[in-house]
file structure28.pdb (PDB, C-alpha atoms and all ligand atoms)
ATOM      1  CA  MET A 291     -13.379 -11.056   2.720
ATOM      2  CA  LYS A 292     -17.196 -11.273   2.760
ATOM      3  CA  ARG A 293     -18.013  -7.568   2.957
ATOM      4  CA  PHE A 294     -16.298  -4.247   2.485
ATOM      5  CA  LEU A 295     -18.135  -1.490   4.325
ATOM      6  CA  THR A 296     -15.731   0.113   6.810
ATOM      7  CA  VAL A 297     -12.018   0.353   7.570
ATOM      8  CA  ASP A 298     -12.373  -2.669   9.861
ATOM      9  CA  ASP A 299     -13.088  -4.889   6.858
ATOM     10  CA  ILE A 300      -9.672  -4.279   5.264
ATOM     11  CA  GLY A 301      -7.681  -5.664   8.210
ATOM     12  CA  ASP A 302      -4.036  -4.616   8.577
ATOM     13  CA  LEU A 303      -3.607  -1.278   6.750
ATOM     14  CA  GLY A 304       0.101  -1.797   6.072
ATOM     15  CA  GLN A 305      -0.650  -5.120   4.369
ATOM     16  CA  ALA A 306      -3.507  -3.573   2.375
ATOM     17  CA  LEU A 307      -1.265  -0.744   1.146
ATOM     18  CA  LYS A 308       1.439  -3.252   0.175
ATOM     19  CA  GLU A 309      -1.147  -5.237  -1.778
ATOM     20  CA  ALA A 310      -2.392  -2.032  -3.411
ATOM     21  CA  ALA A 311       1.146  -1.244  -4.585
ATOM     22  CA  GLU A 312       1.443  -4.760  -6.095
ATOM     23  CA  VAL A 313      -1.916  -4.429  -7.846
ATOM     24  CA  LYS A 314      -0.943  -1.033  -9.244
ATOM     25  CA  LYS A 315       2.383  -2.383 -10.531
ATOM     26  CA  THR A 316       0.965  -5.562 -12.097
ATOM     27  CA  PRO A 317      -2.799  -5.071 -12.576
ATOM     28  CA  TYR A 318      -3.184  -8.124 -14.852
ATOM     29  CA  ALA A 319      -1.283 -10.608 -12.661
ATOM     30  CA  TRP A 320      -4.604 -12.112 -11.441
ATOM     31  CA  ASP A 321      -6.508 -11.956 -14.732
ATOM     32  CA  THR A 322      -7.875 -15.521 -14.434
ATOM     33  CA  LEU A 323      -8.931 -15.255 -10.772
ATOM     34  CA  GLY A 324     -12.403 -14.029 -11.766
ATOM     35  CA  LYS A 325     -12.973 -16.445 -14.677
ATOM     36  CA  ASN A 326     -16.665 -17.446 -14.808
ATOM     37  CA  LYS A 327     -17.439 -15.127 -11.890
ATOM     38  CA  THR A 328     -19.832 -12.199 -12.160
ATOM     39  CA  ILE A 329     -20.018  -8.936 -10.248
ATOM     40  CA  THR A 330     -23.169  -6.809 -10.328
ATOM     41  CA  LEU A 331     -22.768  -3.100  -9.660
ATOM     42  CA  ILE A 332     -26.000  -1.436  -8.545
ATOM     43  CA  PHE A 333     -26.389   2.327  -8.512
ATOM     44  CA  PHE A 334     -29.182   4.190  -6.770
ATOM     45  CA  ASN A 335     -27.650   7.457  -8.023
ATOM     46  CA  SER A 336     -25.150   8.905 -10.462
ATOM     47  CA  SER A 337     -21.483   8.011 -10.641
ATOM     48  CA  LEU A 338     -18.539   8.449 -12.977
ATOM     49  CA  ARG A 339     -15.467   7.278 -11.032
ATOM     50  CA  THR A 340     -17.010   4.533  -8.934
ATOM     51  CA  ARG A 341     -18.823   2.974 -11.856
ATOM     52  CA  LEU A 342     -15.864   2.996 -14.259
ATOM     53  CA  SER A 343     -13.092   2.186 -11.776
ATOM     54  CA  THR A 344     -14.930  -0.715 -10.147
ATOM     55  CA  GLN A 345     -15.856  -2.098 -13.554
ATOM     56  CA  LYS A 346     -12.241  -1.761 -14.720
ATOM     57  CA  ALA A 347     -10.950  -3.424 -11.534
ATOM     58  CA  ALA A 348     -13.294  -6.397 -12.022
ATOM     59  CA  MET A 349     -12.312  -6.696 -15.695
ATOM     60  CA  ASN A 350      -8.603  -6.677 -14.728
ATOM     61  CA  LEU A 351      -9.419  -9.761 -12.624
ATOM     62  CA  GLY A 352     -11.185 -11.507 -15.538
ATOM     63  CA  MET A 353     -14.727 -11.086 -14.198
ATOM     64  CA  ASN A 354     -17.997 -10.566 -16.017
ATOM     65  CA  VAL A 355     -19.605  -7.276 -15.027
ATOM     66  CA  ILE A 356     -23.296  -6.316 -14.919
ATOM     67  CA  VAL A 357     -24.186  -2.698 -14.177
ATOM     68  CA  LEU A 358     -27.691  -1.781 -13.038
ATOM     69  CA  ASP A 359     -28.775   1.845 -12.724
ATOM     70  CA  VAL A 360     -31.885   1.490 -10.573
ATOM     71  CA  ASN A 361     -33.288   4.850 -11.655
ATOM     72  CA  LYS A 362     -33.074   4.024 -15.362
ATOM     73  CA  ASP A 363     -32.735   0.291 -15.959
ATOM     74  CA  GLY A 364     -35.109  -1.623 -13.710
ATOM     75  CA  TRP A 365     -38.315  -1.349 -11.734
ATOM     76  CA  GLN A 366     -38.418   1.452  -9.199
ATOM     77  CA  LEU A 367     -37.627  -0.256  -5.900
ATOM     78  CA  GLU A 368     -39.455   0.141  -2.610
ATOM     79  CA  THR A 369     -36.970   0.196   0.281
ATOM     80  CA  GLU A 370     -39.214   0.569   3.340
ATOM     81  CA  PHE A 371     -40.837  -2.342   5.128
ATOM     82  CA  GLY A 372     -44.512  -2.519   6.054
ATOM     83  CA  VAL A 373     -45.722  -0.078   3.418
ATOM     84  CA  VAL A 374     -48.767  -0.641   1.215
ATOM     85  CA  MET A 375     -47.180  -0.696  -2.227
ATOM     86  CA  ASP A 376     -49.885   1.217  -4.068
ATOM     87  CA  GLY A 377     -47.533   3.929  -5.379
ATOM     88  CA  ASP A 378     -45.055   4.106  -8.271
ATOM     89  CA  LYS A 379     -42.631   1.435  -6.955
ATOM     90  CA  PRO A 380     -43.732  -2.009  -8.179
ATOM     91  CA  GLU A 381     -40.925  -4.097  -6.616
ATOM     92  CA  HIS A 382     -39.506  -4.353  -3.081
ATOM     93  CA  LEU A 383     -35.804  -4.667  -2.342
ATOM     94  CA  ARG A 384     -36.716  -7.718  -0.226
ATOM     95  CA  GLU A 385     -37.315  -9.701  -3.431
ATOM     96  CA  ALA A 386     -35.016  -7.785  -5.794
ATOM     97  CA  VAL A 387     -31.876  -8.236  -3.667
ATOM     98  CA  PRO A 388     -31.957 -12.057  -3.346
ATOM     99  CA  VAL A 389     -32.877 -12.328  -7.037
ATOM    100  CA  ILE A 390     -29.834 -10.227  -8.024
ATOM    101  CA  GLY A 391     -27.750 -12.367  -5.661
ATOM    102  CA  ARG A 392     -28.727 -15.482  -7.666
ATOM    103  CA  TYR A 393     -27.302 -13.921 -10.834
ATOM    104  CA  CYS A 394     -23.833 -13.080  -9.539
ATOM    105  CA  ASP A 395     -21.008 -13.871  -7.115
ATOM    106  CA  ILE A 396     -20.349 -10.377  -5.691
ATOM    107  CA  ILE A 397     -22.571  -7.282  -5.483
ATOM    108  CA  GLY A 398     -21.329  -3.701  -5.340
ATOM    109  CA  VAL A 399     -23.976  -1.240  -4.197
ATOM    110  CA  ARG A 400     -24.129   2.521  -4.135
ATOM    111  CA  SER A 401     -26.978   3.742  -1.990
ATOM    112  CA  PHE A 402     -26.700   7.325  -0.684
ATOM    113  CA  ALA A 403     -28.078   9.470   2.114
ATOM    114  CA  SER A 404     -31.755  10.320   1.653
ATOM    115  CA  PHE A 405     -31.433  13.302   4.049
ATOM    116  CA  GLU A 406     -35.100  12.636   4.883
ATOM    117  CA  ASP A 407     -34.460  10.481   7.946
ATOM    118  CA  LYS A 408     -31.164  10.703   9.861
ATOM    119  CA  LYS A 409     -31.834   7.476  11.769
ATOM    120  CA  ALA A 410     -32.604   5.506   8.583
ATOM    121  CA  ASP A 411     -29.509   6.917   6.879
ATOM    122  CA  TYR A 412     -27.162   6.266   9.815
ATOM    123  CA  GLU A 413     -28.628   2.774  10.326
ATOM    124  CA  GLU A 414     -27.866   2.102   6.635
ATOM    125  CA  GLU A 415     -31.312   0.687   5.919
ATOM    126  CA  ILE A 416     -30.716   0.138   2.189
ATOM    127  CA  LEU A 417     -27.180  -1.259   2.456
ATOM    128  CA  ASN A 418     -28.278  -3.613   5.233
ATOM    129  CA  GLN A 419     -30.975  -5.142   3.047
ATOM    130  CA  PHE A 420     -28.223  -6.127   0.622
ATOM    131  CA  ILE A 421     -26.068  -7.500   3.443
ATOM    132  CA  ASN A 422     -28.975  -9.458   4.914
ATOM    133  CA  PHE A 423     -30.676 -10.792   1.796
ATOM    134  CA  ALA A 424     -28.185 -11.008  -1.103
ATOM    135  CA  GLY A 425     -26.458 -14.250  -0.098
ATOM    136  CA  VAL A 426     -23.208 -13.071  -1.745
ATOM    137  CA  PRO A 427     -20.372 -10.737  -0.635
ATOM    138  CA  ILE A 428     -21.231  -7.024  -0.627
ATOM    139  CA  ILE A 429     -18.991  -4.085  -1.499
ATOM    140  CA  SER A 430     -20.117  -0.615  -0.479
ATOM    141  CA  MET A 431     -19.568   1.696  -3.428
ATOM    142  CA  GLU A 432     -20.705   4.555  -1.133
ATOM    143  CA  SER A 433     -23.520   4.237   1.329
ATOM    144  CA  ALA A 434     -25.482   6.798   3.311
ATOM    145  CA  THR A 435     -22.645   7.217   5.819
ATOM    146  CA  ARG A 436     -19.422   5.889   4.288
ATOM    147  CA  HIS A 437     -17.387   5.716   1.070
ATOM    148  CA  PRO A 438     -14.704   3.130   1.866
ATOM    149  CA  LEU A 439     -13.363   2.546  -1.680
ATOM    150  CA  GLN A 440     -12.718   6.295  -1.878
ATOM    151  CA  ALA A 441     -10.997   6.426   1.517
ATOM    152  CA  PHE A 442      -8.799   3.437   0.676
ATOM    153  CA  ALA A 443      -7.761   5.113  -2.597
ATOM    154  CA  ASP A 444      -7.165   8.392  -0.716
ATOM    155  CA  LEU A 445      -4.910   6.684   1.803
ATOM    156  CA  PHE A 446      -2.968   4.895  -0.927
ATOM    157  CA  THR A 447      -2.524   8.216  -2.754
ATOM    158  CA  ILE A 448      -1.182   9.869   0.404
ATOM    159  CA  GLU A 449       1.185   6.924   0.828
ATOM    160  CA  GLU A 450       2.450   7.410  -2.739
ATOM    161  CA  PHE A 451       2.962  11.178  -2.455
ATOM    162  CA  LYS A 452       4.092  11.670   1.148
ATOM    163  CA  ASN A 453       7.669  12.831   1.693
ATOM    164  CA  LYS A 454       7.802  12.303   5.438
ATOM    165  CA  GLU A 455       6.963   9.369   7.708
ATOM    166  CA  ARG A 456       3.952  10.973   9.411
ATOM    167  CA  PRO A 457       2.443  13.738   7.265
ATOM    168  CA  LYS A 458      -0.025  16.341   8.490
ATOM    169  CA  VAL A 459      -3.332  15.766   6.692
ATOM    170  CA  VAL A 460      -6.073  18.404   6.839
ATOM    171  CA  LEU A 461      -9.680  17.675   5.944
ATOM    172  CA  THR A 462     -11.350  20.995   5.196
ATOM    173  CA  TRP A 463     -15.023  21.766   4.625
ATOM    174  CA  ALA A 464     -15.555  23.986   1.571
ATOM    175  CA  PRO A 465     -18.685  25.635   0.137
ATOM    176  CA  HIS A 466     -21.078  24.009  -2.333
ATOM    177  CA  PRO A 467     -24.475  25.083  -3.701
ATOM    178  CA  ARG A 468     -26.252  21.849  -2.675
ATOM    179  CA  ALA A 469     -26.494  19.745   0.471
ATOM    180  CA  LEU A 470     -24.093  16.798   0.187
ATOM    181  CA  PRO A 471     -23.833  13.637   2.327
ATOM    182  CA  GLN A 472     -21.213  13.060   5.028
ATOM    183  CA  ALA A 473     -20.106   9.709   3.561
ATOM    184  CA  VAL A 474     -16.777  10.886   2.095
ATOM    185  CA  PRO A 475     -15.605  12.908   5.138
ATOM    186  CA  ASN A 476     -16.821  10.193   7.547
ATOM    187  CA  SER A 477     -14.809   7.505   5.769
ATOM    188  CA  PHE A 478     -11.810   9.783   5.275
ATOM    189  CA  VAL A 479     -11.700  10.449   9.023
ATOM    190  CA  GLU A 480     -12.310   6.781   9.836
ATOM    191  CA  TRP A 481      -9.354   5.647   7.679
ATOM    192  CA  MET A 482      -6.970   8.488   8.609
ATOM    193  CA  LYS A 483      -7.532   7.821  12.312
ATOM    194  CA  VAL A 484      -5.897   4.415  11.987
ATOM    195  CA  ALA A 485      -3.299   5.482   9.411
ATOM    196  CA  ASP A 486       0.135   6.882  10.234
ATOM    197  CA  VAL A 487      -0.841  10.556   9.769
ATOM    198  CA  ASP A 488      -1.596  13.604  11.929
ATOM    199  CA  LEU A 489      -5.190  14.438  11.067
ATOM    200  CA  VAL A 490      -6.815  17.850  11.573
ATOM    201  CA  VAL A 491     -10.423  18.538  10.569
ATOM    202  CA  THR A 492     -11.523  22.115   9.915
ATOM    203  CA  HIS A 493     -15.033  23.421   9.221
ATOM    204  CA  PRO A 494     -17.373  26.245  10.215
ATOM    205  CA  LYS A 495     -19.318  25.825  13.457
ATOM    206  CA  GLY A 496     -22.443  23.730  12.825
ATOM    207  CA  TYR A 497     -20.683  21.336  10.450
ATOM    208  CA  GLU A 498     -19.411  18.920  13.123
ATOM    209  CA  LEU A 499     -19.426  15.351  11.820
ATOM    210  CA  SER A 500     -20.942  12.536  13.841
ATOM    211  CA  PRO A 501     -18.914  11.913  17.037
ATOM    212  CA  GLU A 502     -18.956   8.235  16.023
ATOM    213  CA  PHE A 503     -16.278   9.276  13.514
ATOM    214  CA  THR A 504     -14.569  12.298  15.049
ATOM    215  CA  ASP A 505     -14.094  11.184  18.661
ATOM    216  CA  GLY A 506     -10.421  11.790  19.489
ATOM    217  CA  VAL A 507      -9.784  13.837  16.307
ATOM    218  CA  THR A 508      -8.388  17.400  16.379
ATOM    219  CA  VAL A 509     -10.997  19.890  15.139
ATOM    220  CA  GLU A 510      -9.750  23.424  14.375
ATOM    221  CA  TYR A 511     -12.412  26.007  13.520
ATOM    222  CA  ASP A 512      -9.826  28.483  12.149
ATOM    223  CA  GLN A 513      -9.191  27.177   8.629
ATOM    224  CA  LYS A 514      -5.990  29.199   8.113
ATOM    225  CA  LYS A 515      -4.529  27.920  11.381
ATOM    226  CA  ALA A 516      -5.423  24.352  10.380
ATOM    227  CA  PHE A 517      -3.583  24.789   7.059
ATOM    228  CA  GLU A 518      -0.288  25.789   8.708
ATOM    229  CA  ASP A 519       2.438  23.240   7.870
ATOM    230  CA  ALA A 520      -0.038  20.815   6.300
ATOM    231  CA  ASP A 521       1.364  18.239   3.877
ATOM    232  CA  PHE A 522      -2.006  17.313   2.359
ATOM    233  CA  ILE A 523      -5.171  19.406   2.021
ATOM    234  CA  TYR A 524      -8.281  17.299   1.420
ATOM    235  CA  ALA A 525     -11.267  19.504   0.552
ATOM    236  CA  LYS A 526     -14.877  18.352   0.693
ATOM    237  CA  ASN A 527     -18.297  19.811   1.267
ATOM    238  CA  TRP A 528     -20.821  18.144   3.531
ATOM    239  CA  ALA A 529     -24.206  19.110   4.935
ATOM    240  CA  SER A 530     -24.822  19.552   8.648
ATOM    241  CA  TYR A 531     -25.046  16.371  10.725
ATOM    242  CA  GLU A 532     -26.675  18.025  13.746
ATOM    243  CA  GLN A 533     -29.276  19.939  11.701
ATOM    244  CA  TYR A 534     -29.427  16.906   9.507
ATOM    245  CA  GLY A 535     -28.989  17.540   5.782
ATOM    246  CA  GLN A 536     -29.216  21.323   6.122
ATOM    247  CA  LEU A 537     -27.147  23.667   3.966
ATOM    248  CA  LEU A 538     -26.163  26.154   6.677
ATOM    249  CA  SER A 539     -23.560  28.120   4.767
ATOM    250  CA  GLN A 540     -22.078  28.749   1.340
ATOM    251  CA  ASP A 541     -19.355  30.952   2.809
ATOM    252  CA  LYS A 542     -16.835  31.464   0.019
ATOM    253  CA  SER A 543     -14.188  32.514   2.525
ATOM    254  CA  TRP A 544     -13.787  28.720   3.026
ATOM    255  CA  THR A 545     -12.888  28.103  -0.658
ATOM    256  CA  VAL A 546      -9.391  26.602  -0.913
ATOM    257  CA  ASP A 547      -7.285  29.227  -2.680
ATOM    258  CA  GLU A 548      -3.641  30.008  -3.423
ATOM    259  CA  GLU A 549      -3.264  32.256  -0.364
ATOM    260  CA  LYS A 550      -4.348  29.498   2.017
ATOM    261  CA  MET A 551      -2.222  26.899   0.249
ATOM    262  CA  SER A 552       0.785  29.203   0.782
ATOM    263  CA  LEU A 553       0.410  28.623   4.541
ATOM    264  CA  THR A 554       1.055  24.897   4.108
ATOM    265  CA  ASN A 555       4.207  22.850   3.799
ATOM    266  CA  ASP A 556       3.890  22.924  -0.014
ATOM    267  CA  ALA A 557       0.858  20.670   0.480
ATOM    268  CA  ARG A 558      -0.675  18.440  -2.125
ATOM    269  CA  PHE A 559      -4.324  19.231  -2.909
ATOM    270  CA  MET A 560      -6.842  16.375  -2.867
ATOM    271  CA  HIS A 561     -10.577  16.023  -3.582
ATOM    272  CA  CYS A 562     -12.629  12.912  -4.335
ATOM    273  CA  LEU A 563     -14.301  14.558  -7.387
ATOM    274  CA  PRO A 564     -16.628  15.664  -8.854
ATOM    275  CA  VAL A 565     -15.571  19.116  -7.693
ATOM    276  CA  ARG A 566     -17.199  22.523  -8.139
ATOM    277  CA  ARG A 567     -14.432  24.830  -9.335
ATOM    278  CA  ASN A 568     -14.243  28.245  -7.673
ATOM    279  CA  MET A 569     -16.656  27.038  -4.982
ATOM    280  CA  ILE A 570     -14.655  24.242  -3.330
ATOM    281  CA  VAL A 571     -11.282  25.210  -4.832
ATOM    282  CA  THR A 572      -9.939  27.896  -7.137
ATOM    283  CA  ASP A 573      -8.806  27.092 -10.667
ATOM    284  CA  GLY A 574      -5.311  28.156  -9.624
ATOM    285  CA  VAL A 575      -5.075  25.478  -6.915
ATOM    286  CA  ILE A 576      -6.705  22.582  -8.727
ATOM    287  CA  ASP A 577      -4.684  23.301 -11.880
ATOM    288  CA  SER A 578      -1.418  23.674  -9.953
ATOM    289  CA  GLU A 579       1.389  21.116  -9.837
ATOM    290  CA  ASN A 580       0.421  20.376  -6.236
ATOM    291  CA  SER A 581      -3.008  19.081  -7.219
ATOM    292  CA  ILE A 582      -3.145  15.264  -7.224
ATOM    293  CA  VAL A 583      -6.875  14.847  -7.832
ATOM    294  CA  ILE A 584      -6.392  12.875 -11.071
ATOM    295  CA  ASP A 585      -3.870  10.477  -9.508
ATOM    296  CA  GLU A 586      -6.301  10.085  -6.606
ATOM    297  CA  ALA A 587      -9.167   9.200  -8.962
ATOM    298  CA  ALA A 588      -6.914   6.789 -10.877
ATOM    299  CA  ASN A 589      -6.196   4.960  -7.621
ATOM    300  CA  ARG A 590      -9.906   4.111  -7.331
ATOM    301  CA  VAL A 591      -9.149   1.195  -9.699
ATOM    302  CA  VAL A 592      -6.450   0.018  -7.295
ATOM    303  CA  SER A 593      -8.607   0.122  -4.159
ATOM    304  CA  ALA A 594     -11.487  -1.649  -5.926
ATOM    305  CA  GLN A 595      -9.176  -4.290  -7.365
ATOM    306  CA  VAL A 596      -7.648  -5.131  -3.975
ATOM    307  CA  VAL A 597     -11.115  -5.551  -2.462
ATOM    308  CA  ILE A 598     -12.562  -7.633  -5.319
ATOM    309  CA  LYS A 599      -9.391  -9.754  -5.472
ATOM    310  CA  ARG A 600      -9.670 -10.564  -1.786
ATOM    311  CA  MET A 601     -13.325 -11.508  -2.196
ATOM    312  CA  LEU A 602     -12.543 -13.766  -5.156
ATOM    313  CA  GLU A 603      -9.743 -15.441  -3.200
ATOM    314  CA  ALA A 604     -12.178 -16.094  -0.344
ATOM    315  CA  LEU A 605     -14.714 -17.631  -2.794
ATOM    316  CA  LYS A 606     -12.185 -20.227  -4.056
TER
HETATM  317  N1  LIG B   1     -15.595  10.097  -6.020
HETATM  318  C1  LIG B   1     -16.661   9.401  -6.495
HETATM  319  O1  LIG B   1     -17.174   8.442  -5.855
HETATM  320  O2  LIG B   1     -17.059   9.790  -7.736
HETATM  321  P1  LIG B   1     -18.404   9.324  -8.469
HETATM  322  O3  LIG B   1     -19.550   9.864  -7.664
HETATM  323  O4  LIG B   1     -18.309   9.891  -9.842
HETATM  324  O5  LIG B   1     -18.424   7.823  -8.472
END
call {"tool": "encode", "arguments": {"input": "structure28.pdb", "output": "C-alpha cells", "more": "lines below"}}
Ligand code: CP
result
Amino acid sequence: MKRFLTVDDIGDLGQALKEAAEVKKTPYAWDTLGKNKTITLIFFNSSLRTRLSTQKAAMNLGMNVIVLDVNKDGWQLETEFGVVMDGDKPEHLREAVPVIGRYCDIIGVRSFASFEDKKADYEEEILNQFINFAGVPIISMESATRHPLQAFADLFTIEEFKNKERPKVVLTWAPHPRALPQAVPNSFVEWMKVADVDLVVTHPKGYELSPEFTDGVTVEYDQKKAFEDADFIYAKNWASYEQYGQLLSQDKSWTVDEEKMSLTNDARFMHCLPVRRNMIVTDGVIDSENSIVIDEAANRVVSAQVVIKRMLEALK
C-alpha cells in the first residue's frame, strides 16, 4: 500500500476487517516490522484521537514516531503556488514536504477544509502536495474532504457490535455552534456504500453532501422516520456543501435524544468525537449503555495499525 486516502485504497473490505480483528486480538504480533523505520505525523490543526491512536499504532509495530504540529512547532508554511512570499509564512510546502520525506519512511498528514475555497478544498490542494512531493507513502489523517482512518474504525466497530447480517445504519446531521467540514460524513458514506449495511442519511434541507459521495444513497429529510428500526445511529454535524462552509442552522430539534432513540431497533449510538453534549446528543443518550463512542475511538488504533502495517509490508 503506497497511499491511504479513500476506501479504494484498502482493497477488499472483508479482508481488511479480518485483518483488523487479528490486529485487535494480537496488537504486538508485528512489533519488529517497523524496526529502524520512522513515521512522521504532521498536523495542520488540533487532534486528540488521531494523534494518539496513530502514534500508538506505529509504536505497536516497532516504529519511531515524529509528530509535527505545523501551527506550533515549525515555520508557518505557505501552501499556494505562485504567491510572492512577503507575508508571515517563510517556507513553502514545495520544499518542506520533500525535506520531511527525507527524514522518514511514511508520512501521516492531517490537513483540513479551509472553507475559503470549495474548489481548492475538494481538489485536496494540500494533501496532493504531500502525495506529489514527499517521495514516501502518505496516510490521510483527515483531509479537506475525507477522514478514512475514522471511517475504517467506524466500519470495524459496526462489524463488532452488529447483531444481524445487514444492519440499518443512519447517518444523521445534528446541530453545532461552529461550521465543521464534511470530511467525516463524506468518508462515512463512502465506506458504508460498499459495506454490507443499509445506509440512510438524514439532514435538514440545505445540508446535502456532495453528490460525488451520496449518489445512489437514500436521503430522508424526516429525521424521526429515518430513525425507525435503525440498528446504528451515527451523529455528526457538517456545514453546507452547496452554500460552501455556511452554518445554515443550529436547530436543536435535530439533537439526538432519548425519544428519537426509542424509535430505533435498540440502536447503538456512534460519533467520531469530539462531541458537543446537548447540542449533537443529549447526556442521556451518550451516557447510555447503547453508546459505543469510546469503543469506536479505541478502534482508531486498529484502523491505523492495519494501514501502517500494510505500508511497512510493502516497503520490505
Ligand atoms: N475523531 C477524530 O479524528 O478526533 P481528533 O480530531 O481528536 O483526532
call {"tool": "residues_near_ligand", "arguments": {"input": "structure28.pdb", "ligand": "ligand LIG 1 (chain B)", "cutoff": "9 Å", "atoms": "all atoms listed in the file", "output": "short mmCIF file (atom, residue, chain, number, x, y, z; two decimals) with C-alpha atoms, keeping the file's coordinate frame"}}
result
data_model
loop_
_atom_site.label_atom_id
_atom_site.label_comp_id
_atom_site.auth_asym_id
_atom_site.auth_seq_id
_atom_site.Cartn_x
_atom_site.Cartn_y
_atom_site.Cartn_z
CA ASN A 335 -27.65 7.46 -8.02
CA SER A 336 -25.15 8.90 -10.46
CA SER A 337 -21.48 8.01 -10.64
CA LEU A 338 -18.54 8.45 -12.98
CA ARG A 339 -15.47 7.28 -11.03
CA THR A 340 -17.01 4.53 -8.93
CA ARG A 341 -18.82 2.97 -11.86
CA LEU A 342 -15.86 3.00 -14.26
CA SER A 343 -13.09 2.19 -11.78
CA ARG A 400 -24.13 2.52 -4.14
CA MET A 431 -19.57 1.70 -3.43
CA GLU A 432 -20.70 4.56 -1.13
CA HIS A 437 -17.39 5.72 1.07
CA LEU A 439 -13.36 2.55 -1.68
CA GLN A 440 -12.72 6.30 -1.88
CA VAL A 474 -16.78 10.89 2.10
CA HIS A 561 -10.58 16.02 -3.58
CA CYS A 562 -12.63 12.91 -4.34
CA LEU A 563 -14.30 14.56 -7.39
CA PRO A 564 -16.63 15.66 -8.85
CA ALA A 587 -9.17 9.20 -8.96
CA ARG A 590 -9.91 4.11 -7.33
#
call {"tool": "atom_distance", "arguments": {"input": "structure28.pdb", "atom1": "CA of Arg600 in chain A", "atom2": "CA of Phe503 in chain A"}}
result
25.9 Å
call {"tool": "resolve_selection", "arguments": {"input": "structure28.pdb", "expression": "the PyMOL selection byres (((chain A and resi 489) around 8) and not hetatm)", "output": "JSON, numbers by chain"}}
result
{"A": [458, 459, 460, 461, 479, 482, 483, 487, 488, 490, 491, 507, 508]}
call {"tool": "resolve_selection", "arguments": {"input": "structure28.pdb", "expression": "the PyMOL selection byres (((chain A and resi 404) around 12) and not hetatm)", "output": "list in words"}}
result
Phe334, Asn335, Thr369, Ser401, Phe402, Ala403, Phe405, Glu406, Asp407, Lys408, Lys409, Ala410, Asp411, Tyr412, Glu413, Glu414, Glu415, Ile416, Ser433, Ala434, Thr435, Ala469, Leu470, Pro471, Gln472, Ala473, Tyr534 and Gly535 of chain A
call {"tool": "closest_residue", "arguments": {"input": "structure28.pdb", "among": "A:Gln366, A:Asn418, A:Thr447, A:Ser430", "to": "Asn589 in chain A", "atoms": "only C-alpha atoms"}}
result
A:Thr447
call {"tool": "residues_around", "arguments": {"input": "structure28.pdb", "residues": "range 424-426 of chain A", "least_positions_apart": "3", "cutoff": "7 Å", "atoms": "all atoms listed in the file", "output": "count of residues only"}}
result
8
call {"tool": "closest_residue", "arguments": {"input": "structure28.pdb", "among": "A:Leu538, A:Ile448, A:Ala386, A:Leu331", "to": "Ile598 in chain A", "atoms": "all atoms listed in the file"}}
result
A:Leu331
